[in-house]
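**Q** Could you have a look at this structure, given as C-alpha cells, before my questions?
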Amino acid sequence: MNLDLLVIAPHPDDAELTSGGTLLKMAEAGYRTGILDLTRGETGTRGTPETRLREAADAAKILRVKVRRNLGLPDARLTVSEEYKMAVAEVLRELQPHSVIVPYWDGRHPDHYTAGRLGYEACFVAGLKNYPLPGEPFRPFKIIYAAAYDNVRPTFAVDITAQFDRRRRAILAYRSQFRPPRKERHSKVALPLDELEERMTHQARHYGRMIGAKYAEGFVVKETLRIDDVVEMPVRSI
C-alpha cells in the first residue's frame with residue numbers, strides 16, 4: 001500500500017487532536033491517508049487500552065483513513081532505541097507514505113517529543129539499503145511537524161473550516177478520555193484532558209486567524225518552502 005500521507009502519533013487520539021482536520025481534508029481530496037499510533041496509551045488515567053483501540057477505530061472511520069496501525073510500544077516509556085526505530089521503519093517501508101506528520105520536537109509529554117525524533121530517525125533509516133530491515137528501501141519525501149502548542153509559530157497552516165465539525169466528532173469518539181463518567185473526573189493529578197478538546201478548538205481558531213480562515217491546523221517544516229508565484233500567494237500581509 002502506497003500512502004500519500006501518514007501521521008505518526010504517540011497515543012491514540014493524538015493524530016485527531018493535532019492533524020485530524022488535515023487528514024480528513026486530504027482524504028476528501030482523493031489522497032490515501034493513514035495513522036500509525038506508537039502506543040496503546042495504557043498508562044493513561046482514563047480508559048483501558050482495549051477501549052482506546054475501539055475508539056481509535058471509530059475515529060479512523062470518521063476521518064476516512066485507509067489504514068490505522070498500533071505498534072503497541074510501551075506508553076510513557078518511549079525511547080529512540082534501535083528496536084523501536086526498526087519497528088517504525090518497517091511500517092514505513094510497507095506503507096511508503098509520500099509525506100509524514102510527526103509530533104513537534106518539544107512538548108509537555110515526553111512521549112510526544114520522543115515520537116517526533118523517533119519518527120524522523122525511522123524515516124531516515126528506512127531508506128538505507130543495507131539497514132537490517134525487511135522490504136525495499138524507502139524514504140518519505142516530506143517530514144512535517146504538527147505545531148499544536150501556543151508558543152509555536154507554524155510555517156504553514158491548513159484551512160480545516162469545512163472539516164472542523166467532523167474533526168471534533170473524531171476527537172470526541174474517545175469518550176473514555178473526553179466524556180468520562182463524572183465519578184472518573186476527580187483525580188489528585190491535574191488532567192489537561194478536561195479542557196483539552198476546548199483548548200484545541202481555541203488553537204484551531206488561532207491558526208485560522210493567521211491565514212484568514214475560521215479554523216486551521218498549523219505545521220512546521222525545517223526546510224525552506226518553494227513558492228513559484230509570488231503574485232498569487234494567498235494570505236494578506238496588511
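Going through the C-alpha cells in order, the chains are called A, B, and so on, while each chain numbers its residues from 1 and the ligands are numbered from 1 in the order shown.
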List as a VMD selection string the protein and nucleic acid residues near Thr201 in chain A, meaning an atom at most 12 Å away when only C-alpha atoms are counted, but skip any in the same chain fewer than 5 places from it.
**A** chain A and resid 16 to 18 20 to 21 148 160 to 161 164 to 165 167 to 168 171 195 to 196 206 to 208 214 to 217
**Q** For the residues in the current selection, export C-alpha atoms as a compact mmCIF listing (two decimals), in the first residue's frame.
**A**
# COMPACT_ATOMS: atom_id res chain seq x y z
CA GLU A 16 -7.07 13.56 15.79
CA LEU A 17 -6.10 16.42 18.10
CA THR A 18 -3.21 17.74 16.01
CA GLY A 20 -7.46 15.34 12.23
CA GLY A 21 -8.86 18.06 10.01
CA ALA A 148 -0.07 22.08 18.37
CA ILE A 160 -9.97 22.97 8.08
CA THR A 161 -13.12 25.07 8.43
CA PHE A 164 -13.89 21.15 11.70
CA ASP A 165 -17.17 19.60 12.90
CA ARG A 167 -12.67 16.59 13.35
CA ARG A 168 -14.47 17.38 16.61
CA ILE A 171 -11.84 13.70 18.87
CA GLU A 195 -10.03 21.20 28.89
CA LEU A 196 -8.00 19.74 26.01
CA HIS A 206 -5.86 30.98 16.44
CA TYR A 207 -4.22 29.30 13.46
CA GLY A 208 -7.29 30.11 11.36
CA LYS A 214 -12.24 30.28 10.69
CA TYR A 215 -10.33 27.14 11.70
CA ALA A 216 -6.91 25.79 10.74
CA GLU A 217 -4.22 23.35 11.82
**Q** Using DSSP secondary structure from the backbone, list all strand (DSSP E) positions within range 72-236 of chain A, as a PDB file with N, CA and C atoms, in the first residue's frame.
**A**
ATOM      1  N   GLY A  72       1.975  -0.867  19.581  1.00  0.00           N
ATOM      2  CA  GLY A  72       1.998  -1.444  20.921  1.00  0.00           C
ATOM      3  C   GLY A  72       3.294  -1.210  21.672  1.00  0.00           C
ATOM      4  N   LEU A  73       4.006  -0.138  21.361  1.00  0.00           N
ATOM      5  CA  LEU A  73       5.207   0.200  22.127  1.00  0.00           C
ATOM      6  C   LEU A  73       4.800   0.683  23.521  1.00  0.00           C
ATOM      7  N   SER A  99       4.345  11.734   2.363  1.00  0.00           N
ATOM      8  CA  SER A  99       4.537  12.726   3.411  1.00  0.00           C
ATOM      9  C   SER A  99       4.216  12.119   4.763  1.00  0.00           C
ATOM     10  N   VAL A 100       4.957  12.555   5.782  1.00  0.00           N
ATOM     11  CA  VAL A 100       4.762  12.047   7.146  1.00  0.00           C
ATOM     12  C   VAL A 100       4.629  13.234   8.092  1.00  0.00           C
ATOM     13  N   ILE A 101       3.614  13.188   8.953  1.00  0.00           N
ATOM     14  CA  ILE A 101       3.452  14.178  10.008  1.00  0.00           C
ATOM     15  C   ILE A 101       3.857  13.530  11.326  1.00  0.00           C
ATOM     16  N   VAL A 102       4.745  14.183  12.069  1.00  0.00           N
ATOM     17  CA  VAL A 102       5.199  13.685  13.369  1.00  0.00           C
ATOM     18  C   VAL A 102       4.974  14.785  14.409  1.00  0.00           C
ATOM     19  N   PRO A 103       5.007  14.444  15.703  1.00  0.00           N
ATOM     20  CA  PRO A 103       4.851  15.475  16.726  1.00  0.00           C
ATOM     21  C   PRO A 103       5.998  16.486  16.703  1.00  0.00           C
ATOM     22  N   LYS A 142       8.618  14.123   2.383  1.00  0.00           N
ATOM     23  CA  LYS A 142       8.430  15.292   3.242  1.00  0.00           C
ATOM     24  C   LYS A 142       8.132  14.865   4.670  1.00  0.00           C
ATOM     25  N   ILE A 143       8.835  15.492   5.626  1.00  0.00           N
ATOM     26  CA  ILE A 143       8.558  15.306   7.050  1.00  0.00           C
ATOM     27  C   ILE A 143       8.022  16.625   7.596  1.00  0.00           C
ATOM     28  N   ILE A 144       6.847  16.555   8.214  1.00  0.00           N
ATOM     29  CA  ILE A 144       6.124  17.723   8.703  1.00  0.00           C
ATOM     30  C   ILE A 144       5.913  17.569  10.204  1.00  0.00           C
ATOM     31  N   TYR A 145       6.052  18.654  10.939  1.00  0.00           N
ATOM     32  CA  TYR A 145       5.853  18.620  12.392  1.00  0.00           C
ATOM     33  C   TYR A 145       4.545  19.319  12.751  1.00  0.00           C
ATOM     34  N   ALA A 146       3.722  18.659  13.560  1.00  0.00           N
ATOM     35  CA  ALA A 146       2.456  19.242  13.994  1.00  0.00           C
ATOM     36  C   ALA A 146       2.718  20.310  15.047  1.00  0.00           C
ATOM     37  N   PHE A 156       3.307  26.880   8.032  1.00  0.00           N
ATOM     38  CA  PHE A 156       2.107  26.986   7.203  1.00  0.00           C
ATOM     39  C   PHE A 156       0.933  26.432   7.988  1.00  0.00           C
ATOM     40  N   ALA A 157      -0.264  26.741   7.531  1.00  0.00           N
ATOM     41  CA  ALA A 157      -1.469  26.245   8.183  1.00  0.00           C
ATOM     42  C   ALA A 157      -2.453  25.769   7.124  1.00  0.00           C
ATOM     43  N   VAL A 158      -3.237  24.768   7.488  1.00  0.00           N
ATOM     44  CA  VAL A 158      -4.224  24.175   6.584  1.00  0.00           C
ATOM     45  C   VAL A 158      -5.619  24.595   7.031  1.00  0.00           C
ATOM     46  N   ASP A 159      -6.372  25.206   6.136  1.00  0.00           N
ATOM     47  CA  ASP A 159      -7.748  25.613   6.427  1.00  0.00           C
ATOM     48  C   ASP A 159      -8.608  24.359   6.595  1.00  0.00           C
ATOM     49  N   ALA A 216      -8.050  26.342  11.472  1.00  0.00           N
ATOM     50  CA  ALA A 216      -6.908  25.791  10.736  1.00  0.00           C
ATOM     51  C   ALA A 216      -6.057  24.953  11.675  1.00  0.00           C
ATOM     52  N   GLU A 217      -5.237  24.101  11.087  1.00  0.00           N
ATOM     53  CA  GLU A 217      -4.221  23.355  11.821  1.00  0.00           C
ATOM     54  C   GLU A 217      -2.858  23.819  11.349  1.00  0.00           C
ATOM     55  N   GLY A 218      -1.947  24.039  12.314  1.00  0.00           N
ATOM     56  CA  GLY A 218      -0.634  24.571  11.983  1.00  0.00           C
ATOM     57  C   GLY A 218       0.437  23.498  11.937  1.00  0.00           C
ATOM     58  N   PHE A 219       1.425  23.717  11.073  1.00  0.00           N
ATOM     59  CA  PHE A 219       2.518  22.763  10.899  1.00  0.00           C
ATOM     60  C   PHE A 219       3.830  23.504  10.700  1.00  0.00           C
ATOM     61  N   VAL A 220       4.919  22.791  11.009  1.00  0.00           N
ATOM     62  CA  VAL A 220       6.262  23.347  10.855  1.00  0.00           C
ATOM     63  C   VAL A 220       7.088  22.426   9.977  1.00  0.00           C
TER      64      VAL A 220
END
**Q** Smallest atom-to-atom distance to Leu24 in chain A: which of A:Arg169, A:Arg54, A:His11, A:Arg93, using only C-alpha atoms?
**A** A:Arg169
**Q** Tell me which protein, DNA and RNA residues are within 9 Å of Ala56 in chain A, counting only C-alpha atoms, leaving out same-chain ones fewer than 4 positions away, and put them as a ChimeraX atom specification.
**A** /A:12-13,51-52,60-61,68,170,173-174
**Q** Write out as a PyMOL selection string the residues lying within 9 Å of Glu50 in chain A, counting only C-alpha atoms and excluding same-chain residues fewer than 5 positions away.
**A** chain A and resi 40+42+55
**Q** My list of candidates is A:Tyr31, A:Pro110, A:Trp105, A:Leu6. Which is closest to Arg69 in chain A when distances are computed with only C-alpha atoms?
**A**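 Checking each of A:Tyr31, A:Pro110, A:Trp105, A:Leu6 against Arg69 in chain A, counting only C-alpha atoms, the winner is A:Leu6.
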**Q** Using only C-alpha atoms for the distances, tell me which of A:Lys85, A:Arg46, A:Arg175, A:Arg77 is nearest to Asp58 in chain A.
**A**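 Nearest candidate to Asp58 in chain A out of A:Lys85, A:Arg46, A:Arg175, A:Arg77: A:Arg175.
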**Q** So that I can check the secondary structure, give me every residue of range 3-237 of chain A assigned helix (DSSP H, G or I) by backbone DSSP, as an NGL selection string.
**A** :A and (14-28 or 49-63 or 82-95 or 110-125 or 161-172 or 175-178 or 182-184 or 193-211)
**Q** Could you check how far CA of Ala213 in chain A sits from CA of Val152 in chain A, in Å to one decimal?
**A**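 Pair CA of Ala213 in chain A / CA of Val152 in chain A returns 18.5 Å.
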**Q** Pick the closest to Lys222 in chain A from A:Pro154, A:Met210, A:Gly30, A:Gln177: which is it, counting only C-alpha atoms?
**A**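 Closest residue, counting only C-alpha atoms: A:Pro154.
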**Q** So that I can check the surroundings of Pro137 in chain A, please list as a ChimeraX atom specification every protein, DNA and RNA residue that reaches within 7 Å of it, counting only C-alpha atoms and ignoring chain neighbours fewer than 3 positions away.
**A** /A:93,126-129
**Q** Pull C-alpha atoms from the residues just selected and write them as an mmCIF file, in the first residue's frame.
**A**
data_model
loop_
_atom_site.group_PDB
_atom_site.id
_atom_site.type_symbol
_atom_site.label_atom_id
_atom_site.label_comp_id
_atom_site.auth_asym_id
_atom_site.auth_seq_id
_atom_site.Cartn_x
_atom_site.Cartn_y
_atom_site.Cartn_z
ATOM 1 C CA ARG A 93 8.793 0.533 4.060
ATOM 2 C CA ALA A 126 14.056 3.176 6.214
ATOM 3 C CA GLY A 127 15.903 4.461 3.147
ATOM 4 C CA LEU A 128 19.210 2.756 3.899
ATOM 5 C CA LYS A 129 19.746 -0.176 1.550
#
**Q** Please indicate the distance in Å from CA of Gly34 in chain A to CA of Val65 in chain A, rounded to one decimal place.
**A** 5.1 Å
